[in-house]
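Engineer: The structure file structure-v8.pdb (PDB, N, CA, C and O atoms) is provided below.
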```pdb
MODEL        1
ATOM      1  N   MET Z   1      87.995 109.773 128.259
ATOM      2  CA  MET Z   1      87.117 108.705 127.839
ATOM      3  C   MET Z   1      87.616 107.393 128.446
ATOM      4  O   MET Z   1      88.796 107.108 128.444
ATOM      5  N   LYS Z   2      86.705 106.600 128.949
ATOM      6  CA  LYS Z   2      87.057 105.340 129.605
ATOM      7  C   LYS Z   2      87.442 104.271 128.581
ATOM      8  O   LYS Z   2      86.819 104.144 127.539
ATOM      9  N   SER Z   3      88.473 103.503 128.905
ATOM     10  CA  SER Z   3      88.909 102.426 128.019
ATOM     11  C   SER Z   3      88.208 101.128 128.378
ATOM     12  O   SER Z   3      87.852 100.894 129.532
ATOM     13  N   HIS Z   4      88.008 100.295 127.389
ATOM     14  CA  HIS Z   4      87.380  98.986 127.552
ATOM     15  C   HIS Z   4      88.229  97.952 126.840
ATOM     16  O   HIS Z   4      88.986  98.272 125.926
ATOM     17  N   ARG Z   5      88.075  96.708 127.235
ATOM     18  CA  ARG Z   5      88.731  95.620 126.514
ATOM     19  C   ARG Z   5      87.796  95.147 125.417
ATOM     20  O   ARG Z   5      86.594  95.041 125.609
ATOM     21  N   TYR Z   6      88.377  94.868 124.264
ATOM     22  CA  TYR Z   6      87.618  94.373 123.117
ATOM     23  C   TYR Z   6      88.301  93.124 122.574
ATOM     24  O   TYR Z   6      89.527  93.034 122.551
ATOM     25  N   CYS Z   7      87.501  92.162 122.151
ATOM     26  CA  CYS Z   7      88.010  90.993 121.448
ATOM     27  C   CYS Z   7      87.979  91.313 119.962
ATOM     28  O   CYS Z   7      87.087  92.017 119.496
ATOM     29  N   TYR Z   8      88.933  90.779 119.212
ATOM     30  CA  TYR Z   8      88.908  90.972 117.766
ATOM     31  C   TYR Z   8      89.227  89.675 117.049
ATOM     32  O   TYR Z   8      89.893  88.804 117.590
ATOM     33  N   HIS Z   9      88.700  89.572 115.844
ATOM     34  CA  HIS Z   9      88.986  88.462 114.941
ATOM     35  C   HIS Z   9      89.289  89.063 113.579
ATOM     36  O   HIS Z   9      88.566  89.931 113.111
ATOM     37  N   ILE Z  10      90.331  88.589 112.947
ATOM     38  CA  ILE Z  10      90.666  89.016 111.593
ATOM     39  C   ILE Z  10      90.481  87.807 110.695
ATOM     40  O   ILE Z  10      91.030  86.737 110.964
ATOM     41  N   THR Z  11      89.667  87.974 109.648
ATOM     42  CA  THR Z  11      89.359  86.872 108.737
ATOM     43  C   THR Z  11      89.764  87.241 107.319
ATOM     44  O   THR Z  11      90.107  88.386 107.036
ATOM     45  N   ASN Z  12      89.653  86.255 106.426
ATOM     46  CA  ASN Z  12      89.983  86.519 105.021
ATOM     47  C   ASN Z  12      88.810  87.153 104.276
ATOM     48  O   ASN Z  12      88.893  87.379 103.083
ATOM     49  N   GLY Z  13      87.729  87.431 104.958
ATOM     50  CA  GLY Z  13      86.581  88.091 104.346
ATOM     51  C   GLY Z  13      85.608  87.144 103.691
ATOM     52  O   GLY Z  13      84.494  87.526 103.359
ATOM     53  N   SER Z  14      85.995  85.883 103.502
ATOM     54  CA  SER Z  14      85.112  84.902 102.868
ATOM     55  C   SER Z  14      84.563  83.902 103.871
ATOM     56  O   SER Z  14      83.448  83.420 103.725
ATOM     57  N   THR Z  15      85.360  83.581 104.876
ATOM     58  CA  THR Z  15      84.924  82.609 105.881
ATOM     59  C   THR Z  15      84.979  83.263 107.253
ATOM     60  O   THR Z  15      85.566  84.334 107.423
ATOM     61  N   ARG Z  16      84.383  82.629 108.209
ATOM     62  CA  ARG Z  16      84.405  83.160 109.574
ATOM     63  C   ARG Z  16      85.597  82.663 110.370
ATOM     64  O   ARG Z  16      85.769  83.029 111.520
ATOM     65  N   SER Z  17      86.412  81.818 109.778
ATOM     66  CA  SER Z  17      87.586  81.305 110.480
ATOM     67  C   SER Z  17      88.572  82.441 110.721
ATOM     68  O   SER Z  17      88.938  83.159 109.792
ATOM     69  N   ALA Z  18      89.004  82.566 111.964
ATOM     70  CA  ALA Z  18      89.927  83.645 112.312
ATOM     71  C   ALA Z  18      91.347  83.307 111.884
ATOM     72  O   ALA Z  18      91.848  82.231 112.170
ATOM     73  N   LEU Z  19      91.974  84.233 111.162
ATOM     74  CA  LEU Z  19      93.385  84.116 110.837
ATOM     75  C   LEU Z  19      94.215  84.572 112.028
ATOM     76  O   LEU Z  19      95.325  84.113 112.238
ATOM     77  N   GLN Z  20      93.642  85.507 112.779
ATOM     78  CA  GLN Z  20      94.302  86.036 113.965
ATOM     79  C   GLN Z  20      93.208  86.541 114.892
ATOM     80  O   GLN Z  20      92.184  87.062 114.438
ATOM     81  N   CYS Z  21      93.405  86.390 116.199
ATOM     82  CA  CYS Z  21      92.447  86.920 117.161
ATOM     83  C   CYS Z  21      93.186  87.339 118.424
ATOM     84  O   CYS Z  21      94.346  86.979 118.624
ATOM     85  N   GLY Z  22      92.510  88.122 119.249
ATOM     86  CA  GLY Z  22      93.120  88.582 120.483
ATOM     87  C   GLY Z  22      92.257  89.620 121.156
ATOM     88  O   GLY Z  22      91.067  89.752 120.845
ATOM     89  N   THR Z  23      92.841  90.369 122.091
ATOM     90  CA  THR Z  23      92.138  91.448 122.773
ATOM     91  C   THR Z  23      92.984  92.711 122.717
ATOM     92  O   THR Z  23      94.217  92.648 122.648
ATOM     93  N   VAL Z  24      92.303  93.832 122.726
ATOM     94  CA  VAL Z  24      92.961  95.137 122.787
ATOM     95  C   VAL Z  24      92.196  95.998 123.782
ATOM     96  O   VAL Z  24      91.025  95.753 124.053
ATOM     97  N   THR Z  25      92.860  97.005 124.326
ATOM     98  CA  THR Z  25      92.223  97.975 125.207
ATOM     99  C   THR Z  25      92.138  99.288 124.445
ATOM    100  O   THR Z  25      93.150  99.784 123.938
ATOM    101  N   ALA Z  26      90.916  99.805 124.335
ATOM    102  CA  ALA Z  26      90.705 101.026 123.548
ATOM    103  C   ALA Z  26      89.506 101.789 124.106
ATOM    104  O   ALA Z  26      88.713 101.246 124.876
ATOM    105  N   SER Z  27      89.352 103.027 123.663
ATOM    106  CA  SER Z  27      88.239 103.853 124.126
ATOM    107  C   SER Z  27      87.003 103.720 123.241
ATOM    108  O   SER Z  27      85.941 104.203 123.604
ATOM    109  N   SER Z  28      87.141 103.065 122.072
ATOM    110  CA  SER Z  28      85.991 102.861 121.184
ATOM    111  C   SER Z  28      86.237 101.626 120.322
ATOM    112  O   SER Z  28      87.366 101.151 120.200
ATOM    113  N   MET Z  29      85.176 101.127 119.733
ATOM    114  CA  MET Z  29      85.310  99.974 118.843
ATOM    115  C   MET Z  29      86.144 100.328 117.617
ATOM    116  O   MET Z  29      86.902  99.500 117.123
ATOM    117  N   GLU Z  30      86.010 101.554 117.129
ATOM    118  CA  GLU Z  30      86.787 101.996 115.974
ATOM    119  C   GLU Z  30      88.281 102.003 116.298
ATOM    120  O   GLU Z  30      89.097 101.556 115.505
ATOM    121  N   GLU Z  31      88.613 102.514 117.482
ATOM    122  CA  GLU Z  31      90.016 102.524 117.900
ATOM    123  C   GLU Z  31      90.524 101.094 118.076
ATOM    124  O   GLU Z  31      91.662 100.782 117.710
ATOM    125  N   ALA Z  32      89.679 100.214 118.611
ATOM    126  CA  ALA Z  32      90.057  98.807 118.782
ATOM    127  C   ALA Z  32      90.345  98.158 117.428
ATOM    128  O   ALA Z  32      91.307  97.397 117.282
ATOM    129  N   ALA Z  33      89.532  98.462 116.424
ATOM    130  CA  ALA Z  33      89.746  97.909 115.077
ATOM    131  C   ALA Z  33      91.070  98.399 114.504
ATOM    132  O   ALA Z  33      91.818  97.617 113.900
ATOM    133  N   GLU Z  34      91.379  99.677 114.683
ATOM    134  CA  GLU Z  34      92.639 100.231 114.191
ATOM    135  C   GLU Z  34      93.828  99.540 114.866
ATOM    136  O   GLU Z  34      94.809  99.194 114.203
ATOM    137  N   GLN Z  35      93.739  99.336 116.185
ATOM    138  CA  GLN Z  35      94.825  98.683 116.911
ATOM    139  C   GLN Z  35      95.000  97.241 116.456
ATOM    140  O   GLN Z  35      96.125  96.770 116.271
ATOM    141  N   ALA Z  36      93.889  96.531 116.291
ATOM    142  CA  ALA Z  36      93.949  95.131 115.856
ATOM    143  C   ALA Z  36      94.566  95.030 114.468
ATOM    144  O   ALA Z  36      95.415  94.173 114.217
ATOM    145  N   ALA Z  37      94.153  95.906 113.575
ATOM    146  CA  ALA Z  37      94.690  95.900 112.212
ATOM    147  C   ALA Z  37      96.187  96.198 112.220
ATOM    148  O   ALA Z  37      96.955  95.561 111.496
ATOM    149  N   LYS Z  38      96.604  97.146 113.049
ATOM    150  CA  LYS Z  38      98.018  97.486 113.138
ATOM    151  C   LYS Z  38      98.822  96.288 113.643
ATOM    152  O   LYS Z  38      99.885  95.977 113.107
ATOM    153  N   ARG Z  39      98.301  95.603 114.672
ATOM    154  CA  ARG Z  39      98.976  94.413 115.196
ATOM    155  C   ARG Z  39      99.150  93.340 114.125
ATOM    156  O   ARG Z  39     100.144  92.635 114.104
ATOM    157  N   ALA Z  40      98.144  93.217 113.262
ATOM    158  CA  ALA Z  40      98.165  92.181 112.227
ATOM    159  C   ALA Z  40      98.944  92.606 110.992
ATOM    160  O   ALA Z  40      99.083  91.823 110.057
ATOM    161  N   GLY Z  41      99.422  93.849 110.963
ATOM    162  CA  GLY Z  41     100.182  94.329 109.818
ATOM    163  C   GLY Z  41      99.313  94.620 108.610
ATOM    164  O   GLY Z  41      99.785  94.530 107.471
ATOM    165  N   LEU Z  42      98.063  94.985 108.843
ATOM    166  CA  LEU Z  42      97.149  95.285 107.742
ATOM    167  C   LEU Z  42      97.316  96.726 107.279
ATOM    168  O   LEU Z  42      97.603  97.618 108.071
ATOM    169  N   ALA Z  43      97.111  96.939 106.010
ATOM    170  CA  ALA Z  43      97.165  98.279 105.419
ATOM    171  C   ALA Z  43      95.744  98.770 105.184
ATOM    172  O   ALA Z  43      94.876  98.010 104.751
ATOM    173  N   LYS Z  44      95.514 100.040 105.471
ATOM    174  CA  LYS Z  44      94.220 100.674 105.228
ATOM    175  C   LYS Z  44      94.238 101.216 103.804
ATOM    176  O   LYS Z  44      95.042 102.091 103.482
ATOM    177  N   VAL Z  45      93.390 100.678 102.935
ATOM    178  CA  VAL Z  45      93.393 101.019 101.517
ATOM    179  C   VAL Z  45      92.034 101.618 101.150
ATOM    180  O   VAL Z  45      90.990 101.056 101.486
ATOM    181  N   GLU Z  46      92.068 102.758 100.446
ATOM    182  CA  GLU Z  46      90.810 103.363 100.010
ATOM    183  C   GLU Z  46      90.149 102.469  98.973
ATOM    184  O   GLU Z  46      90.802 101.950  98.063
ATOM    185  N   ASP Z  47      88.855 102.278  99.133
ATOM    186  CA  ASP Z  47      88.076 101.456  98.206
ATOM    187  C   ASP Z  47      87.722 102.320  96.996
ATOM    188  O   ASP Z  47      86.940 103.265  97.104
ATOM    189  N   LEU Z  48      88.303 102.023  95.852
ATOM    190  CA  LEU Z  48      88.082 102.841  94.653
ATOM    191  C   LEU Z  48      86.649 102.744  94.134
ATOM    192  O   LEU Z  48      86.182 103.645  93.448
ATOM    193  N   ASP Z  49      85.937 101.661  94.473
ATOM    194  CA  ASP Z  49      84.539 101.525  94.061
ATOM    195  C   ASP Z  49      83.611 102.391  94.901
ATOM    196  O   ASP Z  49      82.512 102.722  94.463
ATOM    197  N   MET Z  50      84.048 102.732  96.121
ATOM    198  CA  MET Z  50      83.247 103.558  97.024
ATOM    199  C   MET Z  50      84.139 104.626  97.638
ATOM    200  O   MET Z  50      84.691 104.428  98.727
ATOM    201  N   PRO Z  51      84.321 105.762  96.953
ATOM    202  CA  PRO Z  51      85.184 106.821  97.463
ATOM    203  C   PRO Z  51      84.798 107.240  98.886
ATOM    204  O   PRO Z  51      83.623 107.298  99.235
ATOM    205  N   GLY Z  52      85.817 107.472  99.711
ATOM    206  CA  GLY Z  52      85.580 107.854 101.095
ATOM    207  C   GLY Z  52      85.508 106.667 102.036
ATOM    208  O   GLY Z  52      85.493 106.830 103.246
ATOM    209  N   ARG Z  53      85.461 105.476 101.498
ATOM    210  CA  ARG Z  53      85.441 104.259 102.311
ATOM    211  C   ARG Z  53      86.769 103.540 102.143
ATOM    212  O   ARG Z  53      87.482 103.752 101.184
ATOM    213  N   PHE Z  54      87.083 102.687 103.077
ATOM    214  CA  PHE Z  54      88.342 101.974 103.001
ATOM    215  C   PHE Z  54      88.125 100.499 103.306
ATOM    216  O   PHE Z  54      87.064 100.087 103.733
ATOM    217  N   ARG Z  55      89.176  99.732 103.078
ATOM    218  CA  ARG Z  55      89.163  98.311 103.425
ATOM    219  C   ARG Z  55      90.546  97.961 103.954
ATOM    220  O   ARG Z  55      91.497  98.727 103.797
ATOM    221  N   TRP Z  56      90.655  96.805 104.585
ATOM    222  CA  TRP Z  56      91.924  96.331 105.117
ATOM    223  C   TRP Z  56      92.516  95.313 104.168
ATOM    224  O   TRP Z  56      91.807  94.473 103.636
ATOM    225  N   GLU Z  57      93.835  95.375 103.971
ATOM    226  CA  GLU Z  57      94.527  94.423 103.103
ATOM    227  C   GLU Z  57      95.864  94.032 103.711
ATOM    228  O   GLU Z  57      96.456  94.792 104.469
ATOM    229  N   LYS Z  58      96.312  92.827 103.340
ATOM    230  CA  LYS Z  58      97.665  92.384 103.673
ATOM    231  C   LYS Z  58      98.166  91.579 102.496
ATOM    232  O   LYS Z  58      97.482  90.656 102.041
ATOM    233  N   ASP Z  59      99.324  91.943 101.976
ATOM    234  CA  ASP Z  59      99.916  91.277 100.815
ATOM    235  C   ASP Z  59      98.943  91.247  99.631
ATOM    236  O   ASP Z  59      98.852  90.257  98.909
ATOM    237  N   GLY Z  60      98.181  92.336  99.462
ATOM    238  CA  GLY Z  60      97.245  92.444  98.347
ATOM    239  C   GLY Z  60      95.957  91.660  98.529
ATOM    240  O   GLY Z  60      95.111  91.638  97.638
ATOM    241  N   LYS Z  61      95.773  91.030  99.697
ATOM    242  CA  LYS Z  61      94.562  90.239  99.953
ATOM    243  C   LYS Z  61      93.675  90.969 100.952
ATOM    244  O   LYS Z  61      94.159  91.503 101.950
ATOM    245  N   ARG Z  62      92.390  90.979 100.676
ATOM    246  CA  ARG Z  62      91.429  91.652 101.524
ATOM    247  C   ARG Z  62      91.265  90.912 102.848
ATOM    248  O   ARG Z  62      91.267  89.692 102.887
ATOM    249  N   ARG Z  63      91.143  91.659 103.924
ATOM    250  CA  ARG Z  63      90.913  91.107 105.254
ATOM    251  C   ARG Z  63      89.754  91.823 105.912
ATOM    252  O   ARG Z  63      89.482  92.988 105.616
ATOM    253  N   SER Z  64      89.069  91.131 106.802
ATOM    254  CA  SER Z  64      87.978  91.722 107.575
ATOM    255  C   SER Z  64      88.385  91.744 109.038
ATOM    256  O   SER Z  64      88.968  90.785 109.547
ATOM    257  N   VAL Z  65      88.065  92.847 109.725
ATOM    258  CA  VAL Z  65      88.356  92.995 111.144
ATOM    259  C   VAL Z  65      87.023  93.087 111.872
ATOM    260  O   VAL Z  65      86.219  93.974 111.607
ATOM    261  N   TYR Z  66      86.786  92.139 112.783
ATOM    262  CA  TYR Z  66      85.566  92.123 113.592
ATOM    263  C   TYR Z  66      85.952  92.414 115.034
ATOM    264  O   TYR Z  66      86.893  91.826 115.564
ATOM    265  N   VAL Z  67      85.213  93.330 115.664
ATOM    266  CA  VAL Z  67      85.495  93.732 117.044
ATOM    267  C   VAL Z  67      84.240  93.523 117.868
ATOM    268  O   VAL Z  67      83.142  93.928 117.475
ATOM    269  N   LEU Z  68      84.417  92.902 119.052
ATOM    270  CA  LEU Z  68      83.328  92.676 119.995
ATOM    271  C   LEU Z  68      83.763  93.152 121.369
ATOM    272  O   LEU Z  68      84.928  92.997 121.751
ATOM    273  N   HIS Z  69      82.842  93.711 122.121
ATOM    274  CA  HIS Z  69      83.143  94.111 123.499
ATOM    275  C   HIS Z  69      83.375  92.859 124.325
ATOM    276  O   HIS Z  69      82.629  91.893 124.213
ATOM    277  N   ASP Z  70      84.419  92.840 125.102
ATOM    278  CA  ASP Z  70      84.754  91.682 125.925
ATOM    279  C   ASP Z  70      83.815  91.646 127.140
ATOM    280  O   ASP Z  70      83.866  92.539 127.981
ATOM    281  N   PRO Z  71      82.962  90.642 127.243
ATOM    282  CA  PRO Z  71      81.991  90.607 128.356
ATOM    283  C   PRO Z  71      82.655  90.401 129.710
ATOM    284  O   PRO Z  71      82.035  90.677 130.736
ATOM    285  N   LYS Z  72      83.905  89.973 129.751
ATOM    286  CA  LYS Z  72      84.599  89.759 131.015
ATOM    287  C   LYS Z  72      85.202  91.040 131.562
ATOM    288  O   LYS Z  72      85.629  91.086 132.702
ATOM    289  N   ALA Z  73      85.258  92.085 130.739
ATOM    290  CA  ALA Z  73      85.910  93.334 131.150
ATOM    291  C   ALA Z  73      84.949  94.231 131.900
ATOM    292  O   ALA Z  73      83.785  94.205 131.752
TER     293      ALA Z  73
ENDMDL
END
```
For the file at hand, write its structure as structure tokens.
Structural biologist:
Amino acid sequence: MKSHRYCYHITNGSTRSALQCGTVTASSMEEAAEQAAKRAGLAKVEDLDMPGRFRWEKDGKRRSVYVLHDPKA
């Protein structure tokens, strides 16, 4: 599978202001999100309100990971 560059932004889930941003090289957007979360030290936590779904957290605070295909790649 071909790899692509992706831009990512990690937010606090309430605002669009990025707490951290950067680029990763991955074969899918899902893989890019996993890499970005790992770089940011986020933990993947199962959402007890929706079994089978998960959310990202750091220090007990919810985080959102947004991934976009890098148009320059």
Engineer: Can you tell me, as JSON, the centre and edge lengths (Å, one decimal) of the axis-aligned box enclosing all of range 26-37 of chain Z's listed atoms after padding each side by 6 Å?
Structural biologist:
```
{"center_x": 91.1, "center_y": 99.2, "center_z": 118.2, "size_x": 23.8, "size_y": 22.0, "size_z": 25.4}
```
Engineer: Run DSSP on the backbone and tell me which residues of chain Z come out as strand (DSSP E or B); list them as a PyMOL selection string.
Structural biologist: chain Z and resi 4-11+20-26+43-46+54-58+61-69
Engineer: Restricting the calculation to all atoms listed in the file: of Z:Ala18, Z:Ala36, Z:Met29, Z:Leu48, which residue gets closest to His69 in chain Z?
Structural biologist: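 For His69 in chain Z, the nearest of the candidates is Z:Met29.
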Engineer: Between atom N of Ser3 in chain Z and CA of Ala26 in chain Z, what is the distance in Å, rounded to a tenth?
Structural biologist: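 Separation between atom N of Ser3 in chain Z and CA of Ala26 in chain Z: 6.3 Å.
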Engineer: What's the 8 Å shell around Asp59 in chain Z, counting only N, CA, C and O atoms, without same-chain residues fewer than 2 positions away, as a compact mmCIF listing (two decimals) with N, CA, C and O atoms, in the coordinates of the input?
Structural biologist:
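That gives us around.txt:
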```
# COMPACT_ATOMS: atom_id res chain seq x y z
N GLY Z 41 99.42 93.85 110.96
CA GLY Z 41 100.18 94.33 109.82
C GLY Z 41 99.31 94.62 108.61
O GLY Z 41 99.78 94.53 107.47
N LEU Z 42 98.06 94.98 108.84
CA LEU Z 42 97.15 95.28 107.74
C LEU Z 42 97.32 96.73 107.28
O LEU Z 42 97.60 97.62 108.07
N ALA Z 43 97.11 96.94 106.01
CA ALA Z 43 97.16 98.28 105.42
C ALA Z 43 95.74 98.77 105.18
O ALA Z 43 94.88 98.01 104.75
N TRP Z 56 90.66 96.80 104.58
CA TRP Z 56 91.92 96.33 105.12
C TRP Z 56 92.52 95.31 104.17
O TRP Z 56 91.81 94.47 103.64
N GLU Z 57 93.84 95.38 103.97
CA GLU Z 57 94.53 94.42 103.10
C GLU Z 57 95.86 94.03 103.71
O GLU Z 57 96.46 94.79 104.47
N LYS Z 61 95.77 91.03 99.70
CA LYS Z 61 94.56 90.24 99.95
C LYS Z 61 93.68 90.97 100.95
O LYS Z 61 94.16 91.50 101.95
N ARG Z 62 92.39 90.98 100.68
CA ARG Z 62 91.43 91.65 101.52
C ARG Z 62 91.26 90.91 102.85
O ARG Z 62 91.27 89.69 102.89
```
Engineer: Applied to this file, what does the PyMOL selection byres (((chain Z and resi 37 and name CA) around 10) and name CA) return in terms of residues, put as a count of residues only?
Structural biologist: 23
